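K.L.:
For reference, the file model_17.cif (mmCIF, C-alpha atoms) is included below:
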```
data_my_file
#
loop_
_atom_site.label_atom_id
_atom_site.label_comp_id
_atom_site.auth_asym_id
_atom_site.auth_seq_id
_atom_site.Cartn_x
_atom_site.Cartn_y
_atom_site.Cartn_z
CA MET K 1 -28.84 9.51 7.75
CA THR K 2 -25.56 10.45 6.11
CA ILE K 3 -22.43 8.68 7.32
CA THR K 4 -18.85 9.35 6.31
CA PRO K 5 -16.33 6.50 6.06
CA LEU K 6 -13.13 6.93 8.04
CA TYR K 7 -9.87 5.06 8.45
CA PRO K 8 -9.39 2.79 11.53
CA GLU K 9 -9.86 4.44 14.92
CA GLY K 10 -11.66 7.32 13.21
CA LYS K 11 -8.60 8.77 11.49
CA ILE K 12 -9.19 10.83 8.36
CA LYS K 13 -5.81 10.52 6.60
CA ALA K 14 -3.28 7.80 5.81
CA VAL K 15 0.36 7.57 4.78
CA THR K 16 1.95 4.61 3.02
CA PHE K 17 5.30 3.88 1.35
CA SER K 18 6.30 1.44 -1.39
CA PHE K 19 9.90 0.50 -2.19
CA ASP K 20 11.04 -1.74 -5.01
CA ASP K 21 13.64 -4.46 -5.66
CA GLY K 22 14.59 -5.65 -2.14
CA VAL K 23 18.16 -4.34 -2.17
CA ARG K 24 20.30 -4.30 0.98
CA ASP K 25 19.76 -0.58 1.44
CA ASP K 26 16.29 -1.63 2.65
CA ILE K 27 17.92 -2.55 5.97
CA ARG K 28 18.88 1.04 6.69
CA LEU K 29 15.60 2.32 5.31
CA VAL K 30 13.51 0.08 7.57
CA GLU K 31 15.42 1.36 10.62
CA ILE K 32 14.46 4.92 9.69
CA LEU K 33 10.83 4.04 8.98
CA ASN K 34 10.55 2.20 12.28
CA ARG K 35 12.04 5.10 14.19
CA PHE K 36 9.27 7.38 12.94
CA GLY K 37 6.44 4.85 13.18
CA MET K 38 5.99 4.49 9.42
CA LYS K 39 4.79 1.44 7.49
CA ALA K 40 5.95 0.37 4.04
CA THR K 41 5.48 -2.31 1.42
CA PHE K 42 8.62 -3.85 -0.06
CA ASN K 43 8.24 -5.26 -3.56
CA LEU K 44 10.65 -8.11 -4.21
CA ILE K 45 12.12 -9.74 -7.32
CA SER K 46 12.07 -13.44 -6.51
CA SER K 47 15.06 -14.37 -8.72
CA LYS K 48 17.24 -12.02 -6.65
CA LEU K 49 16.61 -13.45 -3.18
CA GLU K 50 20.10 -14.94 -2.90
CA SER K 51 21.96 -12.14 -4.66
CA LYS K 52 24.70 -10.46 -2.61
CA ASN K 53 23.18 -7.04 -3.31
CA HIS K 54 19.70 -8.01 -2.12
CA VAL K 55 18.10 -8.95 1.18
CA HIS K 56 18.24 -12.73 1.52
CA ALA K 57 15.16 -14.82 2.18
CA ASP K 58 16.37 -15.94 5.62
CA GLU K 59 16.69 -12.27 6.64
CA PHE K 60 13.09 -11.37 5.88
CA PRO K 61 11.69 -11.96 9.40
CA GLN K 62 14.23 -9.59 10.90
CA VAL K 63 14.53 -6.96 8.16
CA TYR K 64 10.89 -6.59 7.14
CA ALA K 65 9.15 -7.24 10.47
CA GLY K 66 6.10 -5.00 10.82
CA HIS K 67 6.05 -4.16 7.12
CA GLU K 68 4.59 -5.88 4.04
CA ILE K 69 6.27 -8.02 1.40
CA ALA K 70 4.75 -7.81 -2.07
CA GLY K 71 5.64 -9.02 -5.55
CA HIS K 72 7.73 -7.42 -8.27
CA ALA K 73 7.89 -10.37 -10.73
CA VAL K 74 10.49 -13.10 -11.08
CA THR K 75 12.90 -11.33 -13.43
CA HIS K 76 11.52 -7.75 -13.56
CA PRO K 77 10.40 -7.71 -17.23
CA PHE K 78 8.10 -5.32 -19.08
CA LEU K 79 4.99 -7.40 -18.48
CA ASP K 80 3.08 -5.75 -21.31
CA ARG K 81 5.80 -6.58 -23.86
CA ILE K 82 6.14 -10.33 -23.35
CA PRO K 83 3.72 -13.15 -24.26
CA LYS K 84 0.77 -13.39 -21.90
CA ALA K 85 1.72 -16.91 -20.82
CA CYS K 86 5.19 -15.68 -19.86
CA ALA K 87 3.75 -12.69 -18.00
CA LEU K 88 1.33 -14.89 -16.09
CA ASN K 89 4.19 -17.18 -15.12
CA GLU K 90 6.18 -14.17 -13.88
CA LEU K 91 3.26 -13.24 -11.62
CA LEU K 92 2.40 -16.69 -10.30
CA GLU K 93 5.98 -17.87 -9.73
CA ASN K 94 6.78 -14.62 -7.96
CA ARG K 95 3.81 -15.18 -5.64
CA ARG K 96 4.63 -18.84 -5.03
CA THR K 97 8.25 -18.13 -4.12
CA LEU K 98 7.49 -15.23 -1.79
CA GLU K 99 4.62 -17.09 -0.12
CA LYS K 100 6.82 -20.13 0.47
CA VAL K 101 9.49 -17.94 2.05
CA THR K 102 7.15 -15.82 4.19
CA GLY K 103 4.47 -18.37 5.02
CA SER K 104 1.90 -15.67 4.25
CA ILE K 105 -0.42 -14.73 1.39
CA VAL K 106 1.33 -12.31 -0.96
CA ASN K 107 -1.30 -10.50 -3.05
CA GLY K 108 0.24 -7.08 -3.61
CA PHE K 109 2.39 -6.12 -6.59
CA ALA K 110 4.47 -3.31 -8.05
CA LEU K 111 4.64 -3.20 -11.83
CA PRO K 112 8.22 -3.50 -13.16
CA PHE K 113 9.18 -0.23 -14.84
CA GLY K 114 5.65 0.94 -14.04
CA SER K 115 4.61 -0.57 -17.37
CA TRP K 116 1.20 -2.17 -17.98
CA ASN K 117 -1.85 -2.34 -20.23
CA SER K 118 -5.39 -3.67 -19.94
CA GLY K 119 -4.16 -7.21 -20.53
CA THR K 120 -1.72 -6.88 -17.64
CA VAL K 121 -4.56 -5.89 -15.32
CA GLU K 122 -6.52 -8.99 -16.28
CA LEU K 123 -3.48 -11.19 -15.69
CA LEU K 124 -2.97 -9.62 -12.26
CA ARG K 125 -6.60 -10.33 -11.40
CA SER K 126 -6.30 -13.90 -12.67
CA ALA K 127 -3.15 -14.42 -10.61
CA GLY K 128 -5.01 -13.41 -7.45
CA PHE K 129 -3.51 -10.00 -6.77
CA LEU K 130 -5.50 -7.52 -4.72
CA TYR K 131 -3.60 -4.43 -5.82
CA SER K 132 -0.85 -3.31 -8.16
CA ARG K 133 1.16 -0.09 -8.02
CA THR K 134 2.21 1.92 -11.06
CA THR K 135 4.83 4.70 -11.18
CA ARG K 136 2.44 7.34 -12.54
CA ALA K 137 2.47 10.21 -10.04
CA THR K 138 -0.86 11.92 -9.39
CA MET K 139 0.58 14.57 -7.04
CA GLN K 140 -2.78 14.21 -5.28
CA PHE K 141 -3.97 12.52 -2.09
CA HIS K 142 -6.67 10.36 -3.68
CA LEU K 143 -7.62 6.72 -3.38
CA PRO K 144 -7.72 4.71 -6.61
CA ASP K 145 -10.90 3.67 -8.37
CA ASN K 146 -9.18 0.38 -9.26
CA PHE K 147 -6.54 -1.00 -6.90
CA LEU K 148 -5.02 -3.01 -9.75
CA GLU K 149 -4.05 0.34 -11.31
CA TRP K 150 -2.97 2.16 -8.18
CA HIS K 151 -1.14 5.39 -9.00
CA PRO K 152 1.00 6.78 -6.16
CA THR K 153 1.06 10.40 -5.06
CA CYS K 154 4.71 10.79 -6.05
CA HIS K 155 8.25 9.43 -6.01
CA HIS K 156 10.11 10.09 -2.77
CA SER K 157 12.25 12.73 -4.52
CA ALA K 158 9.13 14.90 -4.82
CA ALA K 159 7.52 14.04 -1.49
CA GLU K 160 9.09 16.59 0.83
CA GLY K 161 7.39 19.47 -0.98
CA ARG K 162 3.98 17.84 -0.55
CA CYS K 163 4.18 17.20 3.19
CA SER K 164 2.85 20.58 4.29
CA SER K 165 -0.17 20.38 1.96
CA PHE K 166 -0.99 16.90 3.20
CA LYS K 167 -0.83 17.91 6.85
CA LYS K 168 -3.20 20.79 6.17
CA THR K 169 -5.81 18.84 4.22
CA GLN K 170 -8.99 17.90 6.05
CA PHE K 171 -10.56 15.75 3.33
CA VAL K 172 -11.58 12.38 4.72
CA LEU K 173 -9.84 9.28 3.37
CA SER K 174 -6.93 11.33 2.05
CA LEU K 175 -3.87 9.24 1.24
CA PHE K 176 -0.22 10.23 0.78
CA TYR K 177 1.37 7.37 -1.18
CA ILE K 178 5.14 7.62 -1.68
CA TRP K 179 7.21 5.17 -3.72
CA GLY K 180 10.87 4.74 -4.66
CA HIS K 181 13.99 2.61 -4.22
CA SER K 182 16.14 2.55 -1.10
CA TYR K 183 19.35 2.40 -3.17
CA GLU K 184 18.53 5.88 -4.51
CA PHE K 185 19.26 7.36 -1.08
CA SER K 186 22.71 5.79 -1.17
CA ASN K 187 23.33 6.78 -4.79
CA GLU K 188 22.29 10.38 -4.14
CA ASN K 189 23.84 10.49 -0.65
CA ASN K 190 20.60 11.95 0.69
CA TRP K 191 19.38 9.68 3.45
CA ASP K 192 18.44 12.87 5.26
CA LEU K 193 15.63 13.24 2.71
CA ILE K 194 13.69 10.21 3.91
CA GLU K 195 14.35 11.21 7.52
CA ASN K 196 12.94 14.66 6.83
CA ILE K 197 9.87 13.21 5.09
CA CYS K 198 9.18 10.81 7.95
CA GLY K 199 9.79 13.55 10.51
CA GLU K 200 7.31 15.83 8.75
CA LEU K 201 4.61 13.21 8.39
CA GLY K 202 5.07 11.28 11.63
CA GLY K 203 3.26 11.66 14.92
CA GLN K 204 -0.01 13.03 13.52
CA ALA K 205 -3.04 12.02 15.58
CA ASP K 206 -5.38 12.13 12.58
CA THR K 207 -3.20 9.90 10.38
CA TRP K 208 -3.09 6.14 9.92
CA TYR K 209 0.36 4.75 9.06
CA ALA K 210 -0.25 1.58 7.09
CA THR K 211 1.13 -0.77 4.46
CA ASN K 212 -0.25 -0.77 0.92
CA GLY K 213 -2.07 -4.02 1.62
CA GLU K 214 -3.68 -2.75 4.82
CA ILE K 215 -5.08 0.23 2.96
CA ALA K 216 -6.27 -1.80 -0.04
CA ARG K 217 -8.03 -4.34 2.19
CA TYR K 218 -9.65 -1.69 4.38
CA ILE K 219 -10.97 0.43 1.51
CA SER K 220 -12.14 -2.68 -0.34
CA ALA K 221 -14.09 -3.58 2.79
CA ILE K 222 -15.57 -0.08 3.02
CA ARG K 223 -16.73 -0.41 -0.57
CA ARG K 224 -18.52 -3.65 0.30
CA LEU K 225 -20.70 -1.98 2.95
CA GLU K 226 -24.36 -2.93 2.56
CA THR K 227 -27.13 -0.42 3.24
CA SER K 228 -30.89 -0.22 3.15
CA ALA K 229 -32.51 1.97 0.48
CA ASP K 230 -32.83 4.87 2.91
CA ALA K 231 -29.30 4.25 4.30
CA GLU K 232 -30.73 3.92 7.81
CA ILE K 233 -29.59 0.31 8.14
CA ILE K 234 -25.97 -0.61 7.47
CA HIS K 235 -24.30 -4.02 7.48
CA ASN K 236 -20.61 -4.92 7.49
CA PRO K 237 -20.26 -8.21 5.55
CA THR K 238 -16.48 -8.31 5.93
CA ALA K 239 -14.09 -9.74 8.54
CA ILE K 240 -12.61 -6.40 9.65
CA SER K 241 -13.96 -3.49 11.67
CA LEU K 242 -15.01 -0.40 9.74
CA TRP K 243 -15.20 3.15 11.06
CA PHE K 244 -17.68 5.91 10.25
CA ARG K 245 -18.76 9.38 11.35
CA LYS K 246 -22.40 10.37 11.68
CA ALA K 247 -23.70 13.77 10.57
CA SER K 248 -23.78 14.67 14.28
CA GLY K 249 -20.01 14.19 14.43
CA GLU K 250 -20.15 10.95 16.42
CA VAL K 251 -17.51 8.42 15.36
CA PHE K 252 -18.41 4.75 15.63
CA GLU K 253 -17.03 1.31 14.81
CA LEU K 254 -18.99 -1.22 12.78
CA LYS K 255 -17.65 -4.62 13.75
CA PRO K 256 -17.30 -7.63 11.44
CA GLY K 257 -20.71 -9.03 10.53
CA GLU K 258 -22.52 -6.34 12.50
CA THR K 259 -25.76 -4.68 11.40
CA VAL K 260 -26.70 -1.29 12.86
CA THR K 261 -29.81 0.85 12.55
CA LEU K 262 -28.86 4.54 12.57
CA ASN K 263 -30.98 7.09 14.34
#
```
Spell out the structure here as structure tokens.

P.N.:
Amino acid sequence: MTITPLYPEGKIKAVTFSFDDGVRDDIRLVEILNRFGMKATFNLISSKLESKNHVHADEFPQVYAGHEIAGHAVTHPFLDRIPKACALNELLENRRTLEKVTGSIVNGFALPFGSWNSGTVELLRSAGFLYSRTTRATMQFHLPDNFLEWHPTCHHSAAEGRCSSFKKTQFVLSLFYIWGHSYEFSNENNWDLIENICGELGGQADTWYATNGEIARYISAIRRLETSADAEIIHNPTAISLWFRKASGEVFELKPGETVTLN
């Protein structure tokens, strides 16, 4: 029997945002995202946590509640242009600082300047990161083959023109991934842009609004699904519920550790 993987609750599409640097404009941005029911990942430079232009560590619980905190290195260097030992230290110290502040595992990352090479990917894996975002726009609504080289759909400056196409698509596991910097809205005096994007994308019954980490963990779990040779028996070896649609159109949940025989 053929089954089709779906997002949680049987949704077919997802929207996620990623914003870099942790500047104070994030405070206004989060208010807008919350108003429209959006989720975002905020990628923070750990050496800037006490800077007057950045969100301070003691403000995290209030400012970023309901969203995800991820890494963006200690000093925001070109990781592929410095010695590997220095790059690894940038990754690990960034994680350690953010995890100490948040009390949570921080295993997401945004590449400074969007710059990386194959060695960077191996360092990210060694440092325990689950995913890493580039700045290479695909202008598509695809999931990545490798979450450590996760290319977004587009920068927020190009997102408004893609909203209509995304709302019309019916491809399962479609993803609209938008990245940027909150200070750009202040610099360009166009906060209405992010409001328009959220207004266009929000409130869709077929869409999951999630952080980068939620999507990476869910799809990684989907990819770990175990099946019999004839695909009649499926087993979920992970700790999260997975959702599927049968050829008949029936949507069902496969709970953690559950094995189901399809018929």

K.L.:
Counting only C-alpha atoms, which of K:Asn189, K:Ser174, K:Ser47, K:Asn89 gets nearest to Leu123 (chain K)?

P.N.:
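Using only C-alpha atoms, the shortest distance to Leu123 (chain K) belongs to K:Asn89.
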
K.L.:
Would you kindly translate the PyMOL selection byres ((chain K and resi 195) around 12) into the concrete residues it picks from this file, as a ChimeraX atom specification?

P.N.:
/K:28-38,156,159-160,185,190-194,196-202

K.L.:
What lies within 6 Å of region 134-145 of chain K using only C-alpha atoms, ignoring chain neighbours under 6 positions off, as a PDB file with C-alpha atoms, keeping the file's coordinate frame?

P.N.:
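Dumped everything to result_26.pdb:
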```
ATOM      1  CA  LEU K 111       4.640  -3.200 -11.830  1.00  0.00           C
ATOM      2  CA  GLY K 114       5.650   0.940 -14.040  1.00  0.00           C
ATOM      3  CA  HIS K 151      -1.140   5.390  -9.000  1.00  0.00           C
ATOM      4  CA  PRO K 152       1.000   6.780  -6.160  1.00  0.00           C
ATOM      5  CA  THR K 153       1.060  10.400  -5.060  1.00  0.00           C
ATOM      6  CA  CYS K 154       4.710  10.790  -6.050  1.00  0.00           C
ATOM      7  CA  SER K 174      -6.930  11.330   2.050  1.00  0.00           C
ATOM      8  CA  LEU K 175      -3.870   9.240   1.240  1.00  0.00           C
ATOM      9  CA  PHE K 176      -0.220  10.230   0.780  1.00  0.00           C
TER      10      PHE K 176
END
```

K.L.:
Pick out the residues sitting within 6 Å of Thr16 (chain K), and hand them over as a PyMOL selection string; count only C-alpha atoms, and ignore anything fewer than 6 positions along from it in its own chain.

P.N.:
chain K and resi 40+177+210-211

K.L.:
Rank K:Asp25, K:Glu99, K:Asp206, K:Glu122 by their smallest atom-to-atom distance to Ile12 (chain K), using only C-alpha atoms, and report the top residue only.

P.N.:
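Of the candidates, the smallest distance to Ile12 (chain K) is held by K:Asp206.
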
K.L.:
Got a sec to resolve the PyMOL selection byres ((chain K and resi 248) around 12) on this structure and send the residues as number ranges by chain?

P.N.:
K: 1-4, 244-247, 249-252, 262-263

K.L.:
Got time to write the residues from that selection, C-alpha atoms, as an mmCIF file, in the coordinates of the input?

P.N.:
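Writing the result to result.cif gives the following:
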```
data_model
loop_
_atom_site.group_PDB
_atom_site.id
_atom_site.type_symbol
_atom_site.label_atom_id
_atom_site.label_comp_id
_atom_site.auth_asym_id
_atom_site.auth_seq_id
_atom_site.Cartn_x
_atom_site.Cartn_y
_atom_site.Cartn_z
ATOM 1 C CA MET K 1 -28.840 9.510 7.750
ATOM 2 C CA THR K 2 -25.560 10.450 6.110
ATOM 3 C CA ILE K 3 -22.430 8.680 7.320
ATOM 4 C CA THR K 4 -18.850 9.350 6.310
ATOM 5 C CA PHE K 244 -17.680 5.910 10.250
ATOM 6 C CA ARG K 245 -18.760 9.380 11.350
ATOM 7 C CA LYS K 246 -22.400 10.370 11.680
ATOM 8 C CA ALA K 247 -23.700 13.770 10.570
ATOM 9 C CA GLY K 249 -20.010 14.190 14.430
ATOM 10 C CA GLU K 250 -20.150 10.950 16.420
ATOM 11 C CA VAL K 251 -17.510 8.420 15.360
ATOM 12 C CA PHE K 252 -18.410 4.750 15.630
ATOM 13 C CA LEU K 262 -28.860 4.540 12.570
ATOM 14 C CA ASN K 263 -30.980 7.090 14.340
#
```

K.L.:
Name the residues, using the chain letters and numbers of the file, that sit within 10 Å of (-3.4, -15.5, -5.6) when counting only C-alpha atoms, and give them as a list in words.

P.N.:
Leu91, Leu92, Arg95, Arg96, Glu99, Ile105, Val106, Asn107, Gly108, Leu124, Arg125, Ser126, Ala127, Gly128, Phe129 and Leu130 of chain K

K.L.:
Just how far from CA of Ala70 (chain K) is CA of Gly213 (chain K), in Å to one decimal?

P.N.:
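Taking CA of Gly213 (chain K) as the start and CA of Ala70 (chain K) as the end point, the length is 8.6 Å.
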
K.L.:
Any chance you could work out the residue set of the PyMOL selection byres ((chain K and resi 224-231) around 12) here, as a ChimeraX atom specification?

P.N.:
/K:1-5,217-223,232-244,246,254-263

K.L.:
Would you compute the distance between CA of Tyr183 (chain K) and CA of Val23 (chain K)? Give it in Å to one decimal.

P.N.:
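If I compute the distance from CA of Tyr183 (chain K) to CA of Val23 (chain K), I get 6.9 Å.
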